[in-house]
Every structure is written in structure tokens, then in C-alpha cells.
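Each remark here refers to the structure printed beneath this line.
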Amino acid sequence: MNDETAYLKTIEQRLLWLSHWMIHEANHIRRKADGIKIGGHQASSASMVSIMTALYFSALRPEDRVAVKPHAAPVFHAMQYLMGHQSREKMQNFRGFGGVQSYPSRTKDIDDVDFSTGSVGLGVGITALASIVQDFIAAKDWGADTRIGRMVALVGDAEMDEGNVYEVLQEGWKNNLRNTWWIIDYNRQSLDGIVREGLFARIEKIFEAFGWEVVKIKYGALQRAAFTEPGGDQLRAWIDACPNAEYAALTYQGGAVWRKRLLDDLGDQGDVTALIDRRSDRELAALMEGLGGNCVETMAETFAAIDHDRPTCFLAYTIKGWGTPIAGHKDNHGGLMTKAQMAGWQKHMGVPEGAEWEPFACVEDPASLRDFLSRVPFFSEAPRRYHDAFLPVPEIGISTDRELSTQTAFGKILDDLAKGDSALAARIMTTSPDVTGTTSLGPWVNRRRLFAREELPDAFIEHRIPSTAKWNFAPEGQHVELGIAEMNLFLLLGAAGLSHSLWGKRIIPIGTVYDPFVNRGLDALNYACYQDARFMIVGTPSGVTLAPEGGAHQSIGTPLIGMSQDGLAAFEPAFADELSVIMEWAFDYLQRDGEGDPDERTWLRDETGGSVYLRLTTKPLEQPGKRHDEAFRQGTIDGAYWLRPPGPNCSVVIAYQGAVADEAIAAAGMIGEYRRDVAVLAVTSADRLNAGWTAAQRERARGNPAAQSHVERLLGGLPRHCAIVTVIDGHPATLAWLGAVVGHRTISHGVEHFGQTGSIGDLARHFRIDRTALVASVAAMTEGLTPREP
């Protein structure tokens, strides 16, 4: 054993102990507030400890980034603790409020976390898409000094059941993926059972089909040495033939049972019997359980042997619970060592009582180990959180002299940016899951080109065939083409939205998607927001105004997603000038990184920044003309403004959001023939209105009676008898809460059921979001008003 291997073995044992003691204390020593199991995945951590030791303390460089298998979080926290980057207080509060998190978190942990994990499969996929983002940055003049690192995923074998993993494999192949390592902890046990025999032979073929190198790491150093002894070939053949479940059961039962089973199966065959007999029960157990993934020496050698940048999948055979009393037991996924088991294991590990939390307990030469740790390359630049300068936002405007949809306006705004030479435009990265043209990104792509590491001309242009799309691929291109997989879209936006922190190079990512299919990538959207990634997602076309396409393409609940998703400011403008104001604000908002103190005008935490969701439509609307007053601009950003202000005796307010603006305005005109004082409230963001309202209520409950939100100021002056009618091309609950702000009678119009094909007018009448229905609701709520048929 050379010096480095000896150090790695010592570190491995320290991480094994610290990770398991942390879980044990949380479950068996710390007082339980709720009387329920805290958990922590001891066995899943044990199977990864050798892999992580070899990876972090031998193979990685500071520019490499890692997504840690969720259930190996205790090992990750123990590693940071050993390196002095995590506090004992937080370790002792594992899975408690303010303690180290159940799964590595960029935003909740103080560890140097590269990618948050927890929703299985997503941490795997984001590494491949992050590698594409890294290539995107490095190909640009402003990113040419980027240090190229490996994007590494530590993968639980059960995570390979997740469909998004295979979607990423295909996307990686299309984008010439490189510098990506996936290290699979092949312990063959999941929460509910044992991995099927032969499964990974098939998965291996999938990786190879998409251009990955597959490296099997089945045998540890002890096993490889034994195979060279007389009879070793027979032992190896027995290991290869043993079913997964049998291997796990024998592991749990220990050396004496290993001996009996091997002798029973192999018989008295001279050499192999002698090989077995030369070893004590403990030595035989260590041999049989010393698979490649549980051998730190083997893992370090395997990583060091990779001398290329092709994507590589390491299939590391491991024992779940390796090195502990619960190794191999089929219930060990959520199982914990008992107090008695831990006491016996503590003696086995040589950790004195009272020294359980000492990082270097039972280390023979702590000074020498500290010296080794100080020279580990990966930790030489910790923490590896970078920053980039703020990109000035150019003024954004758009002509509003004709009928226009917000989707068209979005395309024109990006096209205008593409024509310019602003620093912000140079950093925009657009992407879309095969709906680039139909979401109005075409003009931007024509001017700014598609990204590829190597230039690829458009054959239609070469052959002079007329086409509106000029799809030229080039390193300087700024659009990343994706296939029809919304999970990949949001994972790519998440990776690109962390570029300022991961590489010190800010990207402004903009993704477009058909609005109903936001739901298809919702897990990845939540994952991106959880990491505090910064991006703009444009859901368009939206609602039943996409009438001819039918119910499958008509979104209903997406405004509620926008309201409920943390880290995402959702807007649904009706007019082009609103959109231009919002986008100018959004480009600034994406770059903010403030402390989170609320703005006492709105009680929104705008200085923290975040991502932005725009829900747009293909429905053209007559534009209201030029508007430059501050009330309009600020109201648009804050969430609402009076399109038609209320008078002192206002009896009716029609509040709308999005493409139904024309119906709301027309209904107000019809009602105005009978009542003068009819107000129209233009809501641009129910999300921001609601968030400010609830925040102001919390502030008042804390003892600040002056706290008042934007929507409270808007509606506070209305007479109590005033009625509010809300309307949206989406779920009516989006605006139904407006009546609760001050206490007004409210009726809400929207879409609650699947749509169908038809014209916009057909569907508006069917769902009662047209002007006639609004007038009828006003008549039902107020006295003395008789609606006139249009």
C-alpha cells in the first residue's frame, strides 16, 4: 500500500464513521421533538464512502463539479466537516432546523455544494447539461478563459429507473457531450427490493449506443490478488454467477456463512479450497465484500486512468451498508443500526467514547494526515462560489401602433436585442424543446445562430432553397437546440442559470415552451428554482385562446403554478408595452443577489432576485397606444394598475389578467351605459400581488400596523358595496382571492375544464370568459342593472 492509498484508506474510515455517527445521534441520542424516525440512510452512505473518498481526495480538481447522490449526503457533510468547512453544531443538528440538510443543498447548506440533489435522477441529468453550458461559455470571446472541468454525478443504481436520465443521454449525444462522468453506485438494492438480474447489461448497451465509455469496476484489490492464486479463477467464476439477492444475504450473515456456502458450492477442489482455508472468517468476509466500488485503491486507480474527455459511465459494484453490521440486509435502505449495533461497531472502528465527533479520532499520525489534506487539489480553492459583473440592461421598447399578441411582441423584443451590440444581448442563451419557430424565437436565432462546438452550415441556404429559418450552427451561436423533452429544458435552464456561480461567467438564459407543457417539466422547474438558478421561462401559447389546437394544447392551471412556485416571479401581460416594461425589469431582476429585506412599498423581497415566468398568448389585441407614466410602469411591475380608475362611488370593478383584456374592456363599456362608475383593473401578475398581500399581513401580525401591500392600496379606496368580477384565460382561482383583500363581493370567471377545438369566440363563450358573461355576472351581483345583449 503506497502512502496516498494509506491516506485515502484512513480518510475513508473517518468518513464512514462520522457520517454514521451523525445519523445515529440524530435518531438515537438527540431529543426527538416529533417522536418520529429522523432517518438518514446509513447503508446508502456506506456503499458510497470509498467512491467519494477516491473521487474528492484523489481525482477531482477545483474546476470539476459534482452532483452527489441524495442518500450519500451524510458522507458529503462528513467530508466537509473533516476539511473544516462544516460546523459540529450543524452536524449534530442533522435533519433538524438549521442543521445540515437531508440532501445536499446549494441554498440551505453552508457546504460547498455544486448542485442540489434530492429529487432522484435530476442531479444526474443536470451534470450533462451543465457540461453543454460550459462548452457554450468557453466558445465565446467573453468566456475563452474558462477552465474546463468535469461534470460528475454520483448515481444511485435505482436512479437509473428515472426516465429523465435517458432523455439526457439522447440530448447529450445530439450536442456532442464531453467532460461528463456518471459514477453508478451499483449496490443492487433499492428501497423496495433487489435490482433485477441482467438489467445493467442492457443499460450498458444504452450508454454505448449514445457514445459513452462504460468502465466496470467489479473487483477490489483483495479480490484481484486472490484471483491470481491457485483456484482464483474458480472463485471469480462463482462471484460472477452469484445472484444479487444471494450475494446480499451472504454478506449480512458474515464470514462463517460465506465459508460454508463457498465450500458447499465449489466442493473439495484442492486449490480453491486451500484459498478459502488460508483465510479467517473475518478475512474471508473482507475478501468477498471487497468489491471494486468499496476499494478506495481501485477507485483511485480507475479514475486516474481516464485520459480523454469522452462521457464516461463508471459502474462500481458495491455492498449496501459496506463495513457496518447492517451490510447486505434487504431492509437496510431505510434501516438504522440499533444502539447495541452501534456500540459494537464503535469498538470495531476504534473510536473512544467521548471522541465520537473528533475529526481525527483514532488516526495514528494526525499531523501527517492534515498535511496530506492541505495538499488535496480539489479543496485548494474552497469555497468555489464565483461571481460575475452585473450586465447593464438596455432600454426595451416596442411599437404598439397595431394589433399585436404578446408572443409576437416577445419575438420582436428579442429581435431588437439581437440587432444591437449590448453586453446583455451577448450573454443571452435561448433554448426551446423543438418549438423554437412556433414560440417566436426564429428571428433571434436567425441573427444570433445556433450553438455547436463545430460549425455546421444550413443545407437549405447552401442550396438556395427559400426558408424563413436560417439554422446555422457555430461556436458563437447563442441558441441551444433541444429535442421534445421539457425536463431537459428546465435542467438546461437550471445549469445555465447558475453559470455566474459555477464558472464566474453570467448567462441570461431564456427558454420557451408551449405553456401547457410546463407541467411536463415541473419537477425540473422546481429543482432549478430550489437551487436559486436564474432564468426566464416563456410559456406560450397559453390558454384556450390557442383555440384550434384543442384541449391537449390549452393550459388551465399554469397561472397557479406561477403563483405557488418559490423563486419564480410570474407575469401574464396583455399588451406589448406591459411586456417590454416587464422584460426590462426582469433582465435586472435575474441578476440581483440582495439580502432579502422586503421593499416596504410592496413587501416583496425583490432585492433577492429570482427567475421569471412569462405566460404569453397568440391572440392579437388592439394596443392602447403609448403609455409612459410612472403609475403604469410601476404598476405593471408590481402586479396591477388601473386601466380605468374607480371614482368615489364605484359599484363595479372588472379585474382581468392576460389575453381576455379586450373582453373585460368591452364588458366595462357595456355596463357603463347603465352605470358611470365602472373601473377596470389590469392585473399583470397575480403572483406578485398575492405575495405582497400575504407578506404585508404577516408584517402586521408582527406588530407593524402601517404595513400595506400594493393590492391593498389599489382596492382600499373602493366602497364596501362595490362588486368585483375577475376574468382570466386560466383557472379562476388565480384572481378569486381579490375579494378577500378588503372584503368585496366577488365572482370569478376562468377555465376549469379541458378545452376543445373551435374559434377563440366559441371557447370564450363556452367557458364564460367573454364580455356577455361578465355583464351577466355584474347583473346578478348588483341591483338595478339589466344587461344589454351585444
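Residues in the C-alpha cells are numbered from 1 in each chain, the chains being A, B, ... in the order shown, and ligands are numbered from 1 in the order shown.
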As a PDB file with N, CA and C atoms, in the first residue's frame, list the residues of stretch 58-184 of chain A assigned to alpha helix (DSSP H) by DSSP on the backbone atoms of this structure.
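File selection_34.pdb, as written:
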```pdb
ATOM      1  N   ALA A  73     -25.663  12.064   1.158  1.00  0.00           N
ATOM      2  CA  ALA A  73     -25.443  13.383   1.751  1.00  0.00           C
ATOM      3  C   ALA A  73     -24.660  13.319   3.062  1.00  0.00           C
ATOM      4  N   PRO A  74     -24.915  12.342   3.950  1.00  0.00           N
ATOM      5  CA  PRO A  74     -24.124  12.305   5.186  1.00  0.00           C
ATOM      6  C   PRO A  74     -22.622  12.187   4.946  1.00  0.00           C
ATOM      7  N   VAL A  75     -22.216  11.439   3.932  1.00  0.00           N
ATOM      8  CA  VAL A  75     -20.791  11.333   3.618  1.00  0.00           C
ATOM      9  C   VAL A  75     -20.261  12.682   3.142  1.00  0.00           C
ATOM     10  N   PHE A  76     -21.046  13.367   2.327  1.00  0.00           N
ATOM     11  CA  PHE A  76     -20.628  14.679   1.840  1.00  0.00           C
ATOM     12  C   PHE A  76     -20.448  15.651   3.009  1.00  0.00           C
ATOM     13  N   HIS A  77     -21.417  15.682   3.932  1.00  0.00           N
ATOM     14  CA  HIS A  77     -21.298  16.578   5.082  1.00  0.00           C
ATOM     15  C   HIS A  77     -20.103  16.189   5.954  1.00  0.00           C
ATOM     16  N   ALA A  78     -19.883  14.884   6.137  1.00  0.00           N
ATOM     17  CA  ALA A  78     -18.734  14.428   6.927  1.00  0.00           C
ATOM     18  C   ALA A  78     -17.427  14.861   6.283  1.00  0.00           C
ATOM     19  N   MET A  79     -17.372  14.811   4.964  1.00  0.00           N
ATOM     20  CA  MET A  79     -16.179  15.229   4.229  1.00  0.00           C
ATOM     21  C   MET A  79     -15.909  16.717   4.454  1.00  0.00           C
ATOM     22  N   GLN A  80     -16.956  17.528   4.378  1.00  0.00           N
ATOM     23  CA  GLN A  80     -16.786  18.964   4.601  1.00  0.00           C
ATOM     24  C   GLN A  80     -16.366  19.234   6.052  1.00  0.00           C
ATOM     25  N   TYR A  81     -16.915  18.464   6.968  1.00  0.00           N
ATOM     26  CA  TYR A  81     -16.551  18.602   8.392  1.00  0.00           C
ATOM     27  C   TYR A  81     -15.085  18.253   8.606  1.00  0.00           C
ATOM     28  N   LEU A  82     -14.642  17.177   7.973  1.00  0.00           N
ATOM     29  CA  LEU A  82     -13.242  16.772   8.093  1.00  0.00           C
ATOM     30  C   LEU A  82     -12.309  17.853   7.561  1.00  0.00           C
ATOM     31  N   ARG A  88     -19.524  21.601  13.747  1.00  0.00           N
ATOM     32  CA  ARG A  88     -20.018  20.481  14.555  1.00  0.00           C
ATOM     33  C   ARG A  88     -21.464  20.736  14.971  1.00  0.00           C
ATOM     34  N   GLU A  89     -21.789  21.980  15.268  1.00  0.00           N
ATOM     35  CA  GLU A  89     -23.155  22.315  15.688  1.00  0.00           C
ATOM     36  C   GLU A  89     -24.172  21.902  14.624  1.00  0.00           C
ATOM     37  N   LYS A  90     -23.869  22.209  13.378  1.00  0.00           N
ATOM     38  CA  LYS A  90     -24.799  21.845  12.306  1.00  0.00           C
ATOM     39  C   LYS A  90     -24.794  20.346  12.054  1.00  0.00           C
ATOM     40  N   MET A  91     -23.653  19.711  12.196  1.00  0.00           N
ATOM     41  CA  MET A  91     -23.595  18.259  12.034  1.00  0.00           C
ATOM     42  C   MET A  91     -24.444  17.570  13.104  1.00  0.00           C
ATOM     43  N   GLN A  92     -24.361  18.059  14.344  1.00  0.00           N
ATOM     44  CA  GLN A  92     -25.147  17.469  15.418  1.00  0.00           C
ATOM     45  C   GLN A  92     -26.638  17.737  15.260  1.00  0.00           C
ATOM     46  N   LEU A 122     -32.595  13.918 -11.229  1.00  0.00           N
ATOM     47  CA  LEU A 122     -32.368  15.283 -11.720  1.00  0.00           C
ATOM     48  C   LEU A 122     -30.927  15.727 -11.504  1.00  0.00           C
ATOM     49  N   GLY A 123     -30.341  15.360 -10.365  1.00  0.00           N
ATOM     50  CA  GLY A 123     -28.937  15.683 -10.155  1.00  0.00           C
ATOM     51  C   GLY A 123     -28.037  14.987 -11.148  1.00  0.00           C
ATOM     52  N   VAL A 124     -28.469  13.816 -11.611  1.00  0.00           N
ATOM     53  CA  VAL A 124     -27.715  13.096 -12.639  1.00  0.00           C
ATOM     54  C   VAL A 124     -27.765  13.884 -13.950  1.00  0.00           C
ATOM     55  N   GLY A 125     -28.986  14.205 -14.368  1.00  0.00           N
ATOM     56  CA  GLY A 125     -29.162  14.843 -15.663  1.00  0.00           C
ATOM     57  C   GLY A 125     -28.544  16.218 -15.778  1.00  0.00           C
ATOM     58  N   ILE A 126     -28.567  16.998 -14.690  1.00  0.00           N
ATOM     59  CA  ILE A 126     -28.087  18.376 -14.799  1.00  0.00           C
ATOM     60  C   ILE A 126     -26.592  18.428 -15.086  1.00  0.00           C
ATOM     61  N   THR A 127     -25.843  17.391 -14.703  1.00  0.00           N
ATOM     62  CA  THR A 127     -24.399  17.417 -14.962  1.00  0.00           C
ATOM     63  C   THR A 127     -24.097  17.403 -16.454  1.00  0.00           C
ATOM     64  N   ALA A 128     -24.849  16.603 -17.216  1.00  0.00           N
ATOM     65  CA  ALA A 128     -24.617  16.556 -18.660  1.00  0.00           C
ATOM     66  C   ALA A 128     -24.974  17.893 -19.303  1.00  0.00           C
ATOM     67  N   LEU A 129     -26.079  18.472 -18.882  1.00  0.00           N
ATOM     68  CA  LEU A 129     -26.493  19.748 -19.464  1.00  0.00           C
ATOM     69  C   LEU A 129     -25.574  20.877 -18.993  1.00  0.00           C
ATOM     70  N   ALA A 130     -25.033  20.761 -17.790  1.00  0.00           N
ATOM     71  CA  ALA A 130     -24.047  21.746 -17.337  1.00  0.00           C
ATOM     72  C   ALA A 130     -22.783  21.685 -18.180  1.00  0.00           C
ATOM     73  N   SER A 131     -22.412  20.502 -18.630  1.00  0.00           N
ATOM     74  CA  SER A 131     -21.242  20.382 -19.500  1.00  0.00           C
ATOM     75  C   SER A 131     -21.472  21.090 -20.832  1.00  0.00           C
ATOM     76  N   ILE A 132     -22.706  21.000 -21.339  1.00  0.00           N
ATOM     77  CA  ILE A 132     -23.052  21.718 -22.571  1.00  0.00           C
ATOM     78  C   ILE A 132     -22.973  23.225 -22.339  1.00  0.00           C
ATOM     79  N   VAL A 133     -23.454  23.678 -21.191  1.00  0.00           N
ATOM     80  CA  VAL A 133     -23.373  25.103 -20.862  1.00  0.00           C
ATOM     81  C   VAL A 133     -21.916  25.537 -20.760  1.00  0.00           C
ATOM     82  N   GLN A 134     -21.085  24.708 -20.161  1.00  0.00           N
ATOM     83  CA  GLN A 134     -19.654  25.019 -20.054  1.00  0.00           C
ATOM     84  C   GLN A 134     -19.029  25.195 -21.429  1.00  0.00           C
ATOM     85  N   ASP A 135     -19.366  24.319 -22.360  1.00  0.00           N
ATOM     86  CA  ASP A 135     -18.856  24.458 -23.725  1.00  0.00           C
ATOM     87  C   ASP A 135     -19.386  25.719 -24.391  1.00  0.00           C
ATOM     88  N   PHE A 136     -20.647  26.039 -24.131  1.00  0.00           N
ATOM     89  CA  PHE A 136     -21.251  27.264 -24.664  1.00  0.00           C
ATOM     90  C   PHE A 136     -20.454  28.488 -24.218  1.00  0.00           C
ATOM     91  N   ILE A 137     -20.108  28.534 -22.939  1.00  0.00           N
ATOM     92  CA  ILE A 137     -19.361  29.666 -22.386  1.00  0.00           C
ATOM     93  C   ILE A 137     -17.949  29.716 -22.975  1.00  0.00           C
ATOM     94  N   ALA A 138     -17.269  28.569 -22.978  1.00  0.00           N
ATOM     95  CA  ALA A 138     -15.866  28.538 -23.406  1.00  0.00           C
ATOM     96  C   ALA A 138     -15.694  28.902 -24.872  1.00  0.00           C
ATOM     97  N   GLY A 163     -36.878   8.153 -15.978  1.00  0.00           N
ATOM     98  CA  GLY A 163     -36.914   8.377 -17.424  1.00  0.00           C
ATOM     99  C   GLY A 163     -36.106   9.565 -17.883  1.00  0.00           C
ATOM    100  N   ASN A 164     -36.014  10.610 -17.045  1.00  0.00           N
ATOM    101  CA  ASN A 164     -35.295  11.798 -17.486  1.00  0.00           C
ATOM    102  C   ASN A 164     -33.820  11.512 -17.739  1.00  0.00           C
ATOM    103  N   VAL A 165     -33.270  10.475 -17.082  1.00  0.00           N
ATOM    104  CA  VAL A 165     -31.863  10.116 -17.286  1.00  0.00           C
ATOM    105  C   VAL A 165     -31.625   9.731 -18.736  1.00  0.00           C
ATOM    106  N   TYR A 166     -32.552   8.998 -19.313  1.00  0.00           N
ATOM    107  CA  TYR A 166     -32.381   8.531 -20.692  1.00  0.00           C
ATOM    108  C   TYR A 166     -32.673   9.641 -21.696  1.00  0.00           C
ATOM    109  N   GLU A 167     -33.556  10.557 -21.332  1.00  0.00           N
ATOM    110  CA  GLU A 167     -33.753  11.732 -22.179  1.00  0.00           C
ATOM    111  C   GLU A 167     -32.468  12.552 -22.279  1.00  0.00           C
ATOM    112  N   VAL A 168     -31.757  12.651 -21.157  1.00  0.00           N
ATOM    113  CA  VAL A 168     -30.496  13.392 -21.143  1.00  0.00           C
ATOM    114  C   VAL A 168     -29.436  12.692 -21.985  1.00  0.00           C
ATOM    115  N   LEU A 169     -29.399  11.366 -21.940  1.00  0.00           N
ATOM    116  CA  LEU A 169     -28.424  10.635 -22.741  1.00  0.00           C
ATOM    117  C   LEU A 169     -28.583  10.979 -24.226  1.00  0.00           C
ATOM    118  N   GLN A 170     -29.816  11.021 -24.682  1.00  0.00           N
ATOM    119  CA  GLN A 170     -30.062  11.325 -26.089  1.00  0.00           C
ATOM    120  C   GLN A 170     -29.681  12.755 -26.406  1.00  0.00           C
ATOM    121  N   GLU A 171     -30.022  13.682 -25.517  1.00  0.00           N
ATOM    122  CA  GLU A 171     -29.695  15.088 -25.745  1.00  0.00           C
ATOM    123  C   GLU A 171     -28.188  15.291 -25.755  1.00  0.00           C
ATOM    124  N   GLY A 172     -27.489  14.581 -24.876  1.00  0.00           N
ATOM    125  CA  GLY A 172     -26.037  14.699 -24.843  1.00  0.00           C
ATOM    126  C   GLY A 172     -25.405  14.244 -26.138  1.00  0.00           C
ATOM    127  N   TRP A 173     -25.897  13.141 -26.683  1.00  0.00           N
ATOM    128  CA  TRP A 173     -25.354  12.641 -27.943  1.00  0.00           C
ATOM    129  C   TRP A 173     -25.549  13.673 -29.056  1.00  0.00           C
ATOM    130  N   LYS A 174     -26.724  14.277 -29.100  1.00  0.00           N
ATOM    131  CA  LYS A 174     -27.001  15.267 -30.154  1.00  0.00           C
ATOM    132  C   LYS A 174     -26.100  16.494 -30.027  1.00  0.00           C
TER     133      LYS A 174
END
```
A:Pro541: which residues within 7 Å, counting only C-alpha atoms, same-chain residues fewer than 2 positions away excluded, as a short mmCIF file (atom, residue, chain, number, x, y, z; two decimals) with N, CA and C atoms, in the first residue's frame?
```cif
data_model
loop_
_atom_site.label_atom_id
_atom_site.label_comp_id
_atom_site.auth_asym_id
_atom_site.auth_seq_id
_atom_site.Cartn_x
_atom_site.Cartn_y
_atom_site.Cartn_z
N TYR A 514 -44.35 25.44 -25.02
CA TYR A 514 -45.80 25.55 -25.05
C TYR A 514 -46.31 25.54 -23.61
N ASP A 515 -47.12 26.50 -23.26
CA ASP A 515 -47.48 26.71 -21.86
C ASP A 515 -48.07 25.49 -21.17
N GLY A 539 -43.85 30.70 -21.33
CA GLY A 539 -44.87 29.72 -21.67
C GLY A 539 -45.82 30.31 -22.69
N LEU A 546 -55.57 29.50 -27.61
CA LEU A 546 -54.97 28.65 -28.64
C LEU A 546 -56.07 27.69 -29.11
N LEU A 616 -47.62 33.91 -22.08
CA LEU A 616 -47.97 34.74 -23.23
C LEU A 616 -48.97 34.01 -24.12
N THR A 617 -49.47 34.74 -25.12
CA THR A 617 -50.54 34.20 -25.96
C THR A 617 -50.37 34.63 -27.40
N THR A 618 -51.01 33.88 -28.29
CA THR A 618 -51.00 34.21 -29.72
C THR A 618 -52.16 35.11 -30.10
#
```
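Minimum atom-to-atom distance to A:Phe632, evaluated using only C-alpha atoms, belongs to A:Leu579 out of A:Met781, A:Leu579, A:Gly99, A:Glu607.
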Can you pull out the residues contacting stretch 357-365 of chain A? Cut-off 9 Å, using only C-alpha atoms, and skip same-chain residues under 5 positions away; I want them as a PyMOL selection string. chain A and resi 10+14-15+18+21-22+78+81-83+88+92+349-352+370
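Excluding A:Pro394 itself and same-chain residues fewer than 5 positions from it, the residues having an atom within 8 Å of it are Ser422, Leu424 and Glu584 of chain A, counting only C-alpha atoms.
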Pairwise distance for atom CA of A:Ala225 and atom CA of A:Lys260, rounded to one decimal in Å: 21.8 Å
Using backbone DSSP assignments, extract all strand (DSSP E) residues from stretch 496-662 of chain A; output them as JSON, numbers by chain. {"A": [508, 509, 510, 511, 512, 513, 536, 537, 538, 539, 568, 569, 570, 571, 611, 612, 613, 614, 615, 640, 641, 642, 643, 644, 652, 653, 654, 655, 656, 657]}
What are the closest atom pairs, with distances in Å to one decimal, for each residue of stretch 426-460 of chain A lying within 7 Å of stretch 503-508 of chain A, using only C-alpha atoms, rows by chain and rising residue number, as a Markdown table?
```
| residue | atom | partner | partner_atom | distance |
| --- | --- | --- | --- | --- |
| A:Arg427 | CA | A:Ile507 | CA | 5.0 |
| A:Ile428 | CA | A:Ile508 | CA | 4.5 |
| A:Met429 | CA | A:Ile508 | CA | 6.0 |
```
Stretch 488-555 of chain A residues near stretch 748-759 of chain A within 9 Å, closest pair each, using only C-alpha atoms, as JSON lines:
```
{"residue": "A:Gly543", "atom": "CA", "partner": "A:Val751", "partner_atom": "CA", "distance": 8.4}
{"residue": "A:Val544", "atom": "CA", "partner": "A:Gly755", "partner_atom": "CA", "distance": 6.4}
{"residue": "A:Thr545", "atom": "CA", "partner": "A:Ser759", "partner_atom": "CA", "distance": 8.1}
{"residue": "A:Leu546", "atom": "CA", "partner": "A:Ser759", "partner_atom": "CA", "distance": 8.6}
{"residue": "A:Ala547", "atom": "CA", "partner": "A:Ser759", "partner_atom": "CA", "distance": 5.4}
{"residue": "A:Pro548", "atom": "CA", "partner": "A:Thr757", "partner_atom": "CA", "distance": 4.7}
{"residue": "A:Glu549", "atom": "CA", "partner": "A:Thr757", "partner_atom": "CA", "distance": 5.9}
{"residue": "A:Gly550", "atom": "CA", "partner": "A:Thr757", "partner_atom": "CA", "distance": 4.1}
{"residue": "A:Gly551", "atom": "CA", "partner": "A:Gly755", "partner_atom": "CA", "distance": 4.1}
{"residue": "A:Ala552", "atom": "CA", "partner": "A:Gly755", "partner_atom": "CA", "distance": 7.8}
{"residue": "A:His553", "atom": "CA", "partner": "A:Gly755", "partner_atom": "CA", "distance": 8.7}
{"residue": "A:Gln554", "atom": "CA", "partner": "A:Gly755", "partner_atom": "CA", "distance": 6.5}
{"residue": "A:Ser555", "atom": "CA", "partner": "A:Phe754", "partner_atom": "CA", "distance": 8.4}
```
Contacts of A:Val742 within 10 Å, only C-alpha atoms, excl. fewer than 4 positions in-chain, as a PyMOL selection string: chain A and resi 711-713+715-720+738
Would you mind listing what lies within 8 Å of stretch 430-440 of chain A as JSON, numbers by chain, with only C-alpha atoms counted and same-chain residues fewer than 2 positions away left out? {"A": [407, 408, 410, 411, 428, 442, 443, 469, 478, 479, 480, 481, 482, 483, 484, 485, 486, 489, 509, 510, 511, 512, 513, 514, 540, 541]}
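Using only C-alpha atoms, the nearest neighbour of A:Ser405 within the list A:Gly647, A:Gly255, A:Pro620, A:Gly497 is A:Pro620.
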Residues within 6 Å of A:Pro475, please, as a PyMOL selection string. Count only C-alpha atoms; anything in the same chain fewer than 2 positions from it doesn't count. chain A and resi 139+451-453+477
Go ahead and write the residues just picked, N, CA and C atoms, as a CSV table (one decimal), in the first residue's frame.
```
chain,number,residue,atom,x,y,z
A,139,ALA,N,-16.7,28.7,-25.7
A,139,ALA,CA,-16.7,29.0,-27.1
A,139,ALA,C,-16.8,30.5,-27.4
A,451,PHE,N,-26.0,27.2,-31.4
A,451,PHE,CA,-24.7,26.8,-30.8
A,451,PHE,C,-24.3,25.4,-31.2
A,452,ALA,N,-23.0,25.2,-31.6
A,452,ALA,CA,-22.3,23.9,-31.6
A,452,ALA,C,-20.8,24.2,-31.5
A,453,ARG,N,-20.1,23.2,-31.0
A,453,ARG,CA,-18.7,23.4,-30.9
A,453,ARG,C,-18.0,23.5,-32.2
A,477,GLY,N,-22.7,30.7,-31.8
A,477,GLY,CA,-24.2,30.7,-31.7
A,477,GLY,C,-24.7,30.8,-30.3
```
May I ask which of the residues A:Ala367, A:Val653, A:Ala533, A:Ala389 is the closest one to A:Thr782, counting only C-alpha atoms?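 So, comparing all the options, the nearest one is A:Val653.
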Counting only C-alpha atoms, the residue of A:Arg61, A:Lys9, A:His28, A:Lys320 that sits nearest A:Ala43: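 Result for the nearest residue to A:Ala43: A:Lys320.
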Taking only C-alpha atoms into account, which of A:Ala764, A:Val518, A:Ile203, A:Ile413 comes nearest A:Val581?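 Ranked by minimum distance to A:Val581, first place goes to A:Ile413.
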Distance in Å - atom CA of A:Val727 versus atom CA of A:Asp566: 24.4 Å
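In this structure, atom CA of A:Ala248 sits 28.8 Å away from atom CA of A:Arg95.
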Return as a tab-separated table the residues of stretch 287-364 of chain A lying at most 10 Å from stretch 150-160 of chain A, together with the closest atom-to-atom pair for each and the distance in Å to one decimal, counting only C-alpha atoms, with rows in chain order and ascending residue number.
```
residue	atom	partner	partner_atom	distance
A:Asp309	CA	A:Arg150	CA	8.3
A:Pro311	CA	A:Arg150	CA	9.4
A:Thr312	CA	A:Val152	CA	9.6
A:Cys313	CA	A:Ala153	CA	9.6
A:Phe314	CA	A:Leu154	CA	9.7
A:Leu315	CA	A:Asp157	CA	9.0
A:Ala316	CA	A:Asp157	CA	9.7
A:Tyr317	CA	A:Asp157	CA	9.9
```
Store the residues picked out above in a file with N, CA and C atoms, as a PDB file, in the first residue's frame.
```pdb
ATOM      1  N   ASP A 309     -11.720  13.116 -22.853  1.00  0.00           N
ATOM      2  CA  ASP A 309     -12.859  13.915 -22.399  1.00  0.00           C
ATOM      3  C   ASP A 309     -14.200  13.334 -22.838  1.00  0.00           C
ATOM      4  N   PRO A 311     -17.660  11.287 -22.600  1.00  0.00           N
ATOM      5  CA  PRO A 311     -18.503  10.981 -21.450  1.00  0.00           C
ATOM      6  C   PRO A 311     -18.260   9.544 -20.990  1.00  0.00           C
ATOM      7  N   THR A 312     -18.183   9.372 -19.688  1.00  0.00           N
ATOM      8  CA  THR A 312     -17.801   8.070 -19.137  1.00  0.00           C
ATOM      9  C   THR A 312     -18.752   7.677 -18.020  1.00  0.00           C
ATOM     10  N   CYS A 313     -19.208   6.423 -18.094  1.00  0.00           N
ATOM     11  CA  CYS A 313     -20.045   5.851 -17.058  1.00  0.00           C
ATOM     12  C   CYS A 313     -19.233   4.802 -16.306  1.00  0.00           C
ATOM     13  N   PHE A 314     -19.058   4.999 -15.013  1.00  0.00           N
ATOM     14  CA  PHE A 314     -18.367   4.037 -14.163  1.00  0.00           C
ATOM     15  C   PHE A 314     -19.421   3.199 -13.450  1.00  0.00           C
ATOM     16  N   LEU A 315     -19.394   1.916 -13.668  1.00  0.00           N
ATOM     17  CA  LEU A 315     -20.313   1.004 -12.990  1.00  0.00           C
ATOM     18  C   LEU A 315     -19.545   0.357 -11.840  1.00  0.00           C
ATOM     19  N   ALA A 316     -19.711   0.922 -10.635  1.00  0.00           N
ATOM     20  CA  ALA A 316     -18.919   0.499  -9.478  1.00  0.00           C
ATOM     21  C   ALA A 316     -19.742  -0.446  -8.619  1.00  0.00           C
ATOM     22  N   TYR A 317     -19.344  -1.700  -8.593  1.00  0.00           N
ATOM     23  CA  TYR A 317     -20.018  -2.698  -7.760  1.00  0.00           C
ATOM     24  C   TYR A 317     -19.722  -2.421  -6.286  1.00  0.00           C
TER      25      TYR A 317
END
```
